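Enquirer: One file: model39.cif (mmCIF, N, CA and C atoms).
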data_coords
loop_
_atom_site.label_atom_id
_atom_site.label_comp_id
_atom_site.auth_asym_id
_atom_site.auth_seq_id
_atom_site.Cartn_x
_atom_site.Cartn_y
_atom_site.Cartn_z
N MET A 1 38.15 -18.70 59.66
CA MET A 1 36.72 -18.70 59.42
C MET A 1 36.24 -17.26 59.42
N CYS A 2 35.45 -16.89 58.46
CA CYS A 2 34.97 -15.52 58.31
C CYS A 2 33.82 -15.25 59.27
N SER A 3 33.93 -14.17 60.01
CA SER A 3 32.89 -13.83 60.99
C SER A 3 31.65 -13.22 60.33
N TYR A 4 31.72 -12.91 59.08
CA TYR A 4 30.60 -12.28 58.38
C TYR A 4 29.80 -13.26 57.55
N THR A 5 30.07 -14.55 57.66
CA THR A 5 29.41 -15.55 56.83
C THR A 5 27.89 -15.52 57.00
N ALA A 6 27.40 -15.42 58.23
CA ALA A 6 25.95 -15.41 58.46
C ALA A 6 25.30 -14.19 57.80
N GLU A 7 25.94 -13.03 57.93
CA GLU A 7 25.41 -11.81 57.30
C GLU A 7 25.41 -11.95 55.79
N ILE A 8 26.48 -12.52 55.26
CA ILE A 8 26.59 -12.69 53.81
C ILE A 8 25.53 -13.66 53.31
N LYS A 9 25.32 -14.76 54.05
CA LYS A 9 24.30 -15.72 53.64
C LYS A 9 22.92 -15.10 53.69
N ALA A 10 22.66 -14.25 54.68
CA ALA A 10 21.36 -13.57 54.75
C ALA A 10 21.18 -12.63 53.56
N THR A 11 22.26 -11.98 53.15
CA THR A 11 22.19 -11.09 52.00
C THR A 11 21.95 -11.90 50.73
N TYR A 12 22.60 -13.04 50.61
CA TYR A 12 22.34 -13.93 49.47
C TYR A 12 20.86 -14.28 49.42
N THR A 13 20.29 -14.62 50.56
CA THR A 13 18.88 -14.99 50.62
C THR A 13 17.99 -13.83 50.18
N ARG A 14 18.31 -12.60 50.62
CA ARG A 14 17.51 -11.44 50.23
C ARG A 14 17.59 -11.21 48.72
N VAL A 15 18.79 -11.30 48.16
CA VAL A 15 18.95 -11.09 46.72
C VAL A 15 18.18 -12.15 45.94
N ARG A 16 18.26 -13.39 46.38
CA ARG A 16 17.53 -14.47 45.70
C ARG A 16 16.02 -14.21 45.77
N ARG A 17 15.51 -13.86 46.95
CA ARG A 17 14.08 -13.63 47.13
C ARG A 17 13.62 -12.46 46.28
N GLN A 18 14.37 -11.36 46.31
CA GLN A 18 13.98 -10.17 45.55
C GLN A 18 14.03 -10.42 44.05
N THR A 19 15.04 -11.14 43.61
CA THR A 19 15.14 -11.47 42.20
C THR A 19 13.96 -12.33 41.78
N ALA A 20 13.61 -13.30 42.60
CA ALA A 20 12.46 -14.16 42.30
C ALA A 20 11.17 -13.35 42.26
N GLU A 21 11.01 -12.41 43.19
CA GLU A 21 9.80 -11.59 43.21
C GLU A 21 9.67 -10.76 41.94
N VAL A 22 10.77 -10.16 41.52
CA VAL A 22 10.72 -9.33 40.31
C VAL A 22 10.47 -10.22 39.09
N THR A 23 11.06 -11.41 39.07
CA THR A 23 10.87 -12.33 37.95
C THR A 23 9.40 -12.73 37.81
N GLN A 24 8.67 -12.81 38.91
CA GLN A 24 7.28 -13.23 38.89
C GLN A 24 6.31 -12.15 38.41
N GLN A 25 6.79 -10.94 38.23
CA GLN A 25 5.92 -9.84 37.82
C GLN A 25 5.31 -10.14 36.45
N GLN A 26 4.09 -9.73 36.28
CA GLN A 26 3.40 -9.87 35.01
C GLN A 26 3.61 -8.59 34.20
N PHE A 27 3.85 -8.76 32.93
CA PHE A 27 4.16 -7.62 32.08
C PHE A 27 3.00 -7.24 31.16
N ASP A 28 1.83 -7.72 31.40
CA ASP A 28 0.72 -7.42 30.51
C ASP A 28 -0.25 -6.40 31.13
N MET A 29 0.24 -5.52 31.93
CA MET A 29 -0.58 -4.49 32.58
C MET A 29 -1.04 -3.47 31.55
N ASP A 30 -2.26 -2.96 31.76
CA ASP A 30 -2.81 -1.96 30.85
C ASP A 30 -2.11 -0.61 31.01
N ASP A 31 -1.77 -0.30 32.21
CA ASP A 31 -1.21 1.03 32.47
C ASP A 31 0.32 0.97 32.37
N TYR A 32 0.81 1.21 31.18
CA TYR A 32 2.23 1.07 30.85
C TYR A 32 3.14 1.90 31.75
N LEU A 33 2.88 3.19 31.88
CA LEU A 33 3.78 4.06 32.64
C LEU A 33 3.83 3.69 34.12
N ASP A 34 2.68 3.38 34.69
CA ASP A 34 2.67 2.98 36.09
C ASP A 34 3.48 1.70 36.30
N LYS A 35 3.31 0.77 35.38
CA LYS A 35 4.04 -0.50 35.50
C LYS A 35 5.54 -0.28 35.29
N VAL A 36 5.90 0.63 34.38
CA VAL A 36 7.32 0.93 34.18
C VAL A 36 7.91 1.49 35.48
N ILE A 37 7.20 2.39 36.11
CA ILE A 37 7.70 2.99 37.36
C ILE A 37 7.85 1.93 38.45
N VAL A 38 6.84 1.08 38.59
CA VAL A 38 6.90 0.03 39.60
C VAL A 38 8.07 -0.92 39.32
N MET A 39 8.17 -1.36 38.07
CA MET A 39 9.24 -2.30 37.71
C MET A 39 10.62 -1.66 37.84
N LYS A 40 10.72 -0.39 37.45
CA LYS A 40 12.00 0.30 37.56
C LYS A 40 12.44 0.38 39.03
N ASN A 41 11.52 0.71 39.91
CA ASN A 41 11.84 0.78 41.34
C ASN A 41 12.26 -0.58 41.88
N GLN A 42 11.52 -1.63 41.51
CA GLN A 42 11.87 -2.97 41.97
C GLN A 42 13.21 -3.42 41.41
N LEU A 43 13.43 -3.13 40.14
CA LEU A 43 14.69 -3.51 39.50
C LEU A 43 15.86 -2.75 40.11
N ASN A 44 15.67 -1.46 40.37
CA ASN A 44 16.72 -0.68 41.02
C ASN A 44 17.02 -1.23 42.41
N HIS A 45 15.97 -1.64 43.11
CA HIS A 45 16.17 -2.20 44.46
C HIS A 45 17.00 -3.48 44.41
N VAL A 46 16.64 -4.40 43.53
CA VAL A 46 17.39 -5.66 43.44
C VAL A 46 18.80 -5.40 42.91
N THR A 47 18.97 -4.41 42.04
CA THR A 47 20.30 -4.04 41.57
C THR A 47 21.15 -3.53 42.73
N ASN A 48 20.58 -2.65 43.54
CA ASN A 48 21.32 -2.12 44.70
C ASN A 48 21.66 -3.22 45.70
N GLU A 49 20.72 -4.11 45.96
CA GLU A 49 20.98 -5.23 46.89
C GLU A 49 22.08 -6.14 46.35
N THR A 50 22.05 -6.41 45.05
CA THR A 50 23.08 -7.26 44.45
C THR A 50 24.44 -6.59 44.51
N ASN A 51 24.48 -5.29 44.21
CA ASN A 51 25.74 -4.56 44.31
C ASN A 51 26.27 -4.57 45.74
N ALA A 52 25.38 -4.42 46.71
CA ALA A 52 25.79 -4.44 48.12
C ALA A 52 26.33 -5.83 48.49
N LEU A 53 25.69 -6.88 47.98
CA LEU A 53 26.17 -8.23 48.23
C LEU A 53 27.57 -8.43 47.66
N VAL A 54 27.77 -7.99 46.43
CA VAL A 54 29.09 -8.13 45.80
C VAL A 54 30.14 -7.39 46.63
N GLU A 55 29.83 -6.18 47.07
CA GLU A 55 30.78 -5.40 47.88
C GLU A 55 31.05 -6.08 49.22
N LEU A 56 30.02 -6.61 49.85
CA LEU A 56 30.17 -7.29 51.14
C LEU A 56 31.07 -8.51 51.00
N VAL A 57 30.81 -9.32 50.00
CA VAL A 57 31.64 -10.52 49.81
C VAL A 57 33.07 -10.12 49.45
N ARG A 58 33.22 -9.15 48.57
CA ARG A 58 34.58 -8.72 48.19
C ARG A 58 35.35 -8.17 49.39
N SER A 59 34.67 -7.50 50.30
CA SER A 59 35.37 -6.92 51.45
C SER A 59 35.87 -7.99 52.42
N HIS A 60 35.35 -9.20 52.31
CA HIS A 60 35.79 -10.30 53.18
C HIS A 60 36.33 -11.47 52.37
N PHE A 61 36.66 -11.21 51.14
CA PHE A 61 37.04 -12.23 50.16
C PHE A 61 38.13 -13.17 50.68
N THR A 62 39.17 -12.62 51.27
CA THR A 62 40.32 -13.42 51.69
C THR A 62 40.08 -14.16 53.00
N GLU A 63 38.98 -13.87 53.67
CA GLU A 63 38.69 -14.51 54.96
C GLU A 63 38.00 -15.86 54.82
N PHE A 64 37.44 -16.16 53.66
CA PHE A 64 36.68 -17.40 53.49
C PHE A 64 37.59 -18.59 53.32
N ASP A 65 37.26 -19.67 54.03
CA ASP A 65 37.97 -20.91 53.78
C ASP A 65 37.27 -21.63 52.61
N ILE A 66 37.79 -22.78 52.24
CA ILE A 66 37.24 -23.49 51.08
C ILE A 66 35.78 -23.87 51.31
N GLN A 67 35.46 -24.38 52.49
CA GLN A 67 34.08 -24.81 52.78
C GLN A 67 33.11 -23.64 52.71
N GLU A 68 33.48 -22.51 53.27
CA GLU A 68 32.61 -21.32 53.21
C GLU A 68 32.41 -20.88 51.77
N THR A 69 33.47 -20.93 51.00
CA THR A 69 33.39 -20.54 49.60
C THR A 69 32.46 -21.48 48.83
N ILE A 70 32.55 -22.77 49.10
CA ILE A 70 31.66 -23.73 48.45
C ILE A 70 30.21 -23.42 48.81
N GLU A 71 29.96 -23.10 50.07
CA GLU A 71 28.60 -22.76 50.50
C GLU A 71 28.09 -21.50 49.79
N LEU A 72 28.95 -20.48 49.69
CA LEU A 72 28.54 -19.25 49.02
C LEU A 72 28.25 -19.50 47.54
N LEU A 73 29.07 -20.31 46.91
CA LEU A 73 28.84 -20.62 45.50
C LEU A 73 27.55 -21.45 45.33
N ALA A 74 27.25 -22.29 46.30
CA ALA A 74 25.99 -23.05 46.24
C ALA A 74 24.80 -22.10 46.34
N HIS A 75 24.92 -21.06 47.14
CA HIS A 75 23.86 -20.05 47.22
C HIS A 75 23.79 -19.23 45.92
N SER A 76 24.91 -19.07 45.27
CA SER A 76 24.99 -18.24 44.07
C SER A 76 24.30 -18.87 42.86
N THR A 77 24.39 -20.18 42.72
CA THR A 77 23.86 -20.85 41.53
C THR A 77 22.38 -20.56 41.28
N PRO A 78 21.50 -20.74 42.28
CA PRO A 78 20.08 -20.43 41.99
C PRO A 78 19.85 -18.95 41.73
N ILE A 79 20.64 -18.10 42.34
CA ILE A 79 20.51 -16.66 42.10
C ILE A 79 20.89 -16.34 40.65
N LEU A 80 21.98 -16.92 40.19
CA LEU A 80 22.41 -16.68 38.81
C LEU A 80 21.36 -17.16 37.81
N ILE A 81 20.72 -18.28 38.10
CA ILE A 81 19.66 -18.78 37.22
C ILE A 81 18.49 -17.80 37.19
N LEU A 82 18.08 -17.33 38.36
CA LEU A 82 16.99 -16.36 38.44
C LEU A 82 17.36 -15.06 37.73
N MET A 83 18.59 -14.63 37.90
CA MET A 83 19.04 -13.39 37.27
C MET A 83 18.96 -13.51 35.75
N ASP A 84 19.37 -14.65 35.23
CA ASP A 84 19.30 -14.86 33.79
C ASP A 84 17.85 -14.87 33.31
N GLN A 85 16.98 -15.55 34.05
CA GLN A 85 15.55 -15.57 33.70
C GLN A 85 14.96 -14.17 33.72
N LEU A 86 15.30 -13.42 34.75
CA LEU A 86 14.78 -12.06 34.86
C LEU A 86 15.27 -11.20 33.70
N HIS A 87 16.54 -11.28 33.38
CA HIS A 87 17.08 -10.48 32.29
C HIS A 87 16.38 -10.81 30.97
N GLN A 88 16.21 -12.09 30.70
CA GLN A 88 15.53 -12.50 29.46
C GLN A 88 14.09 -11.99 29.43
N LYS A 89 13.42 -12.09 30.56
CA LYS A 89 12.03 -11.64 30.65
C LYS A 89 11.94 -10.13 30.45
N LEU A 90 12.86 -9.39 31.02
CA LEU A 90 12.85 -7.93 30.88
C LEU A 90 13.11 -7.51 29.44
N VAL A 91 14.08 -8.13 28.80
CA VAL A 91 14.42 -7.77 27.42
C VAL A 91 13.26 -8.09 26.48
N ALA A 92 12.55 -9.17 26.75
CA ALA A 92 11.41 -9.57 25.90
C ALA A 92 10.13 -8.82 26.25
N SER A 93 10.14 -8.08 27.31
CA SER A 93 8.95 -7.40 27.80
C SER A 93 8.55 -6.22 26.93
N PRO A 94 7.25 -5.96 26.85
CA PRO A 94 6.81 -4.73 26.17
C PRO A 94 7.20 -3.47 26.96
N LEU A 95 7.63 -3.66 28.19
CA LEU A 95 8.07 -2.52 29.02
C LEU A 95 9.55 -2.18 28.80
N TYR A 96 10.24 -2.99 28.01
CA TYR A 96 11.69 -2.84 27.88
C TYR A 96 12.12 -1.42 27.50
N ALA A 97 11.42 -0.80 26.57
CA ALA A 97 11.81 0.55 26.14
C ALA A 97 11.83 1.52 27.31
N GLY A 98 10.88 1.38 28.22
CA GLY A 98 10.84 2.26 29.38
C GLY A 98 11.80 1.86 30.49
N LEU A 99 12.30 0.63 30.41
CA LEU A 99 13.19 0.11 31.46
C LEU A 99 14.63 -0.05 31.00
N LYS A 100 14.92 0.37 29.78
CA LYS A 100 16.22 0.05 29.18
C LYS A 100 17.40 0.44 30.06
N THR A 101 17.43 1.64 30.60
CA THR A 101 18.55 2.08 31.44
C THR A 101 18.64 1.23 32.70
N ALA A 102 17.52 0.99 33.35
CA ALA A 102 17.52 0.17 34.57
C ALA A 102 17.95 -1.27 34.25
N VAL A 103 17.54 -1.79 33.09
CA VAL A 103 17.94 -3.14 32.69
C VAL A 103 19.44 -3.19 32.43
N GLU A 104 19.98 -2.16 31.80
CA GLU A 104 21.42 -2.12 31.55
C GLU A 104 22.20 -2.06 32.87
N GLU A 105 21.73 -1.28 33.82
CA GLU A 105 22.39 -1.22 35.14
C GLU A 105 22.29 -2.57 35.84
N TYR A 106 21.13 -3.21 35.72
CA TYR A 106 20.95 -4.54 36.30
C TYR A 106 21.90 -5.53 35.63
N SER A 107 22.00 -5.46 34.32
CA SER A 107 22.89 -6.35 33.58
C SER A 107 24.34 -6.18 34.04
N ASP A 108 24.75 -4.93 34.28
CA ASP A 108 26.11 -4.68 34.78
C ASP A 108 26.31 -5.32 36.16
N CYS A 109 25.31 -5.20 37.02
CA CYS A 109 25.46 -5.78 38.36
C CYS A 109 25.46 -7.31 38.28
N VAL A 110 24.70 -7.88 37.35
CA VAL A 110 24.72 -9.34 37.16
C VAL A 110 26.11 -9.77 36.71
N SER A 111 26.71 -9.02 35.82
CA SER A 111 28.08 -9.33 35.37
C SER A 111 29.06 -9.27 36.54
N ASP A 112 28.90 -8.27 37.40
CA ASP A 112 29.76 -8.17 38.58
C ASP A 112 29.57 -9.38 39.51
N PHE A 113 28.32 -9.81 39.66
CA PHE A 113 28.04 -10.96 40.51
C PHE A 113 28.64 -12.23 39.90
N GLN A 114 28.51 -12.39 38.58
CA GLN A 114 29.10 -13.54 37.90
C GLN A 114 30.62 -13.54 38.06
N GLU A 115 31.23 -12.36 37.92
CA GLU A 115 32.68 -12.25 38.09
C GLU A 115 33.08 -12.61 39.52
N LEU A 116 32.30 -12.15 40.49
CA LEU A 116 32.58 -12.50 41.88
C LEU A 116 32.56 -14.01 42.07
N CYS A 117 31.55 -14.67 41.53
CA CYS A 117 31.44 -16.12 41.65
C CYS A 117 32.63 -16.81 41.01
N SER A 118 33.02 -16.33 39.85
CA SER A 118 34.18 -16.88 39.17
C SER A 118 35.46 -16.68 39.99
N ASP A 119 35.62 -15.50 40.55
CA ASP A 119 36.79 -15.20 41.40
C ASP A 119 36.81 -16.07 42.65
N LEU A 120 35.64 -16.26 43.28
CA LEU A 120 35.57 -17.13 44.45
C LEU A 120 36.04 -18.53 44.09
N GLN A 121 35.55 -19.05 42.97
CA GLN A 121 35.93 -20.39 42.53
C GLN A 121 37.43 -20.47 42.27
N MET A 122 37.94 -19.51 41.52
CA MET A 122 39.34 -19.58 41.11
C MET A 122 40.30 -19.34 42.28
N PHE A 123 40.09 -18.25 43.02
CA PHE A 123 41.06 -17.86 44.04
C PHE A 123 40.89 -18.59 45.37
N ASN A 124 39.66 -18.89 45.75
CA ASN A 124 39.43 -19.47 47.07
C ASN A 124 39.30 -20.99 47.04
N ILE A 125 39.15 -21.57 45.85
CA ILE A 125 39.05 -23.03 45.77
C ILE A 125 40.16 -23.59 44.88
N ASP A 126 40.11 -23.22 43.59
CA ASP A 126 41.03 -23.83 42.62
C ASP A 126 42.50 -23.60 42.98
N LEU A 127 42.87 -22.35 43.24
CA LEU A 127 44.28 -22.08 43.54
C LEU A 127 44.70 -22.67 44.88
N ARG A 128 43.83 -22.67 45.86
CA ARG A 128 44.17 -23.24 47.17
C ARG A 128 44.38 -24.75 47.08
N GLN A 129 43.79 -25.39 46.09
CA GLN A 129 43.94 -26.83 45.93
C GLN A 129 45.02 -27.20 44.91
N ASN A 130 45.62 -26.21 44.28
CA ASN A 130 46.64 -26.43 43.26
C ASN A 130 48.00 -26.57 43.94
N GLU A 131 48.60 -27.75 43.83
CA GLU A 131 49.87 -28.02 44.51
C GLU A 131 50.99 -27.10 44.05
N GLU A 132 51.06 -26.86 42.76
CA GLU A 132 52.12 -26.00 42.22
C GLU A 132 51.99 -24.58 42.78
N PHE A 133 50.77 -24.08 42.83
CA PHE A 133 50.54 -22.76 43.41
C PHE A 133 50.92 -22.74 44.89
N GLN A 134 50.56 -23.79 45.62
CA GLN A 134 50.89 -23.86 47.04
C GLN A 134 52.40 -23.85 47.26
N LYS A 135 53.14 -24.60 46.45
CA LYS A 135 54.61 -24.63 46.56
C LYS A 135 55.20 -23.27 46.25
N SER A 136 54.71 -22.64 45.21
CA SER A 136 55.20 -21.30 44.85
C SER A 136 54.90 -20.30 45.95
N SER A 137 53.74 -20.40 46.52
CA SER A 137 53.34 -19.50 47.60
C SER A 137 54.21 -19.70 48.81
N GLU A 138 54.50 -20.94 49.15
CA GLU A 138 55.37 -21.25 50.29
C GLU A 138 56.78 -20.71 50.05
N ARG A 139 57.29 -20.86 48.82
CA ARG A 139 58.63 -20.33 48.50
C ARG A 139 58.67 -18.83 48.63
N LEU A 140 57.62 -18.15 48.15
CA LEU A 140 57.57 -16.69 48.28
C LEU A 140 57.51 -16.26 49.74
N CYS A 141 56.76 -16.99 50.54
CA CYS A 141 56.66 -16.65 51.96
C CYS A 141 58.01 -16.87 52.67
N SER A 142 58.74 -17.88 52.27
CA SER A 142 60.03 -18.14 52.90
C SER A 142 61.07 -17.09 52.53
N ILE A 143 60.91 -16.49 51.37
CA ILE A 143 61.83 -15.43 50.93
C ILE A 143 61.58 -14.15 51.72
N ALA A 144 60.31 -13.85 51.98
CA ALA A 144 59.96 -12.61 52.66
C ALA A 144 60.26 -12.73 54.08
#
Mind converting the file's structure to structure tokens?

Expert:
Amino acid sequence: MCSYTAEIKATYTRVRRQTAEVTQQQFDMDDYLDKVIVMKNQLNHVTNETNALVELVRSHFTEFDIQETIELLAHSTPILILMDQLHQKLVASPLYAGLKTAVEEYSDCVSDFQELCSDLQMFNIDLRQNEEFQKSSERLCSIA
């Protein structure tokens, strides 16, 4: 059982909340540059939090059992939906030209988060439940 599960779940909650907050922003502000600065700062913050979450989970990747992995993936699904909504909203925004670099960095971190979720599913659930993989793993361990 991973001792960092509570910390990781709290980080998931922060990323979800921050992503939702940024998604709720209105893009019809009169003062374009001020809004670009505000949105860029918020987007950079959620990008940094997401990157930190990915690093935290990756640093404890092999410690999660199947149940913990299922819980983390359950936390991931609503975040991924929000991330997609936010990305679509940003690209369609009249602020996009001023946010393009920040949006690209955010898009990269979303891809990293999606890859993490895929890796959690494949390595911590699918392979652990695959009988052929388990037999091969046991044979390799007996050789060493």

Enquirer: Could you please determine the separation between atom C of A:Asn48 and atom N of A:Asp34 in Å, to one decimal place?

Expert: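 Computed distance, atom C of A:Asn48 to atom N of A:Asp34, equals 22.9 Å.
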
Enquirer: Tell me, which residues of chain A carry DSSP alpha helix (DSSP H), written as an MDAnalysis selection string?

Expert: chainID A and resid 5:23 32:59 66:92 96:119 131:143

Enquirer: For a quick check of understanding, using only N, CA and C atoms, which of A:Asn124, A:Lys100, A:Thr19, A:Leu80 has the smallest distance to A:Thr47?

Expert: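 Closest residue, counting only N, CA and C atoms: A:Thr19.
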
Enquirer: For the structure provided, state which residues fall under the PyMOL selection byres (((chain A and resi 90 and name CA) around 12) and name CA), and present them as a PyMOL selection string.

Expert: chain A and resi 22-27+36+39-40+43+83-89+91-104+106-107

Enquirer: Could you tell me how far atom C of A:Cys141 sits from atom CA of A:Gln67, in Å to one decimal place?

Expert: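 Spanning atom CA of A:Gln67 to atom C of A:Cys141 is a straight-line distance of 25.2 Å.
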
Enquirer: Compile a residue-level contact table for stretch 4-59 of chain A against stretch 72-75 of chain A at a cut-off of 8 Å, reporting for every qualifying residue the shortest atom pair and its distance in Å to one decimal, with all atoms listed in the file counted, rows ordered by chain and ascending number, as a Markdown table.

Expert:
| residue | atom | partner | partner_atom | distance |
| --- | --- | --- | --- | --- |
| A:Ile8 | C | A:Leu72 | CA | 7.7 |
| A:Lys9 | CA | A:Leu72 | CA | 7.2 |
| A:Tyr12 | CA | A:His75 | C | 6.5 |
| A:Thr13 | N | A:His75 | CA | 7.3 |
| A:Arg16 | CA | A:His75 | C | 7.9 |

Enquirer: Output N, CA and C atoms of each residue in that selection to a file, as a tab-separated table (two decimals), keeping the file's coordinate frame.

Expert:
chain	number	residue	atom	x	y	z
A	8	ILE	N	26.48	-12.52	55.26
A	8	ILE	CA	26.59	-12.69	53.81
A	8	ILE	C	25.53	-13.66	53.31
A	9	LYS	N	25.32	-14.76	54.05
A	9	LYS	CA	24.30	-15.72	53.64
A	9	LYS	C	22.92	-15.10	53.69
A	12	TYR	N	22.60	-13.04	50.61
A	12	TYR	CA	22.34	-13.93	49.47
A	12	TYR	C	20.86	-14.28	49.42
A	13	THR	N	20.29	-14.62	50.56
A	13	THR	CA	18.88	-14.99	50.62
A	13	THR	C	17.99	-13.83	50.18
A	16	ARG	N	18.26	-13.39	46.38
A	16	ARG	CA	17.53	-14.47	45.70
A	16	ARG	C	16.02	-14.21	45.77

Enquirer: What separation in Å, quoted to one decimal, exists between atom N of A:Asn130 and atom N of A:Asp65?

Expert: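 Atom-to-atom, atom N of A:Asn130 and atom N of A:Asp65 are spaced 14.4 Å apart.
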
Enquirer: Box for stretch 63-66 of chain A - axis-aligned, 8 Å on each of the six sides, all listed atoms - centre and size in Å to one decimal, as AutoDock Vina command-line options.

Expert:
--center_x 37.4 --center_y -18.9 --center_z 53.0 --size_x 19.2 --size_y 26.0 --size_z 19.9

Enquirer: A:Glu132, A:Asp119, A:Glu7, A:Asp112: which is nearest A:Thr50, counting only N, CA and C atoms?

Expert: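 Ranked by minimum distance to A:Thr50, first place goes to A:Asp112.
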
Enquirer: Between A:Gln18, A:Thr62, A:Thr5, A:Thr77, which is the closest to A:Asn44 once you count only C-alpha atoms?

Expert: A:Gln18
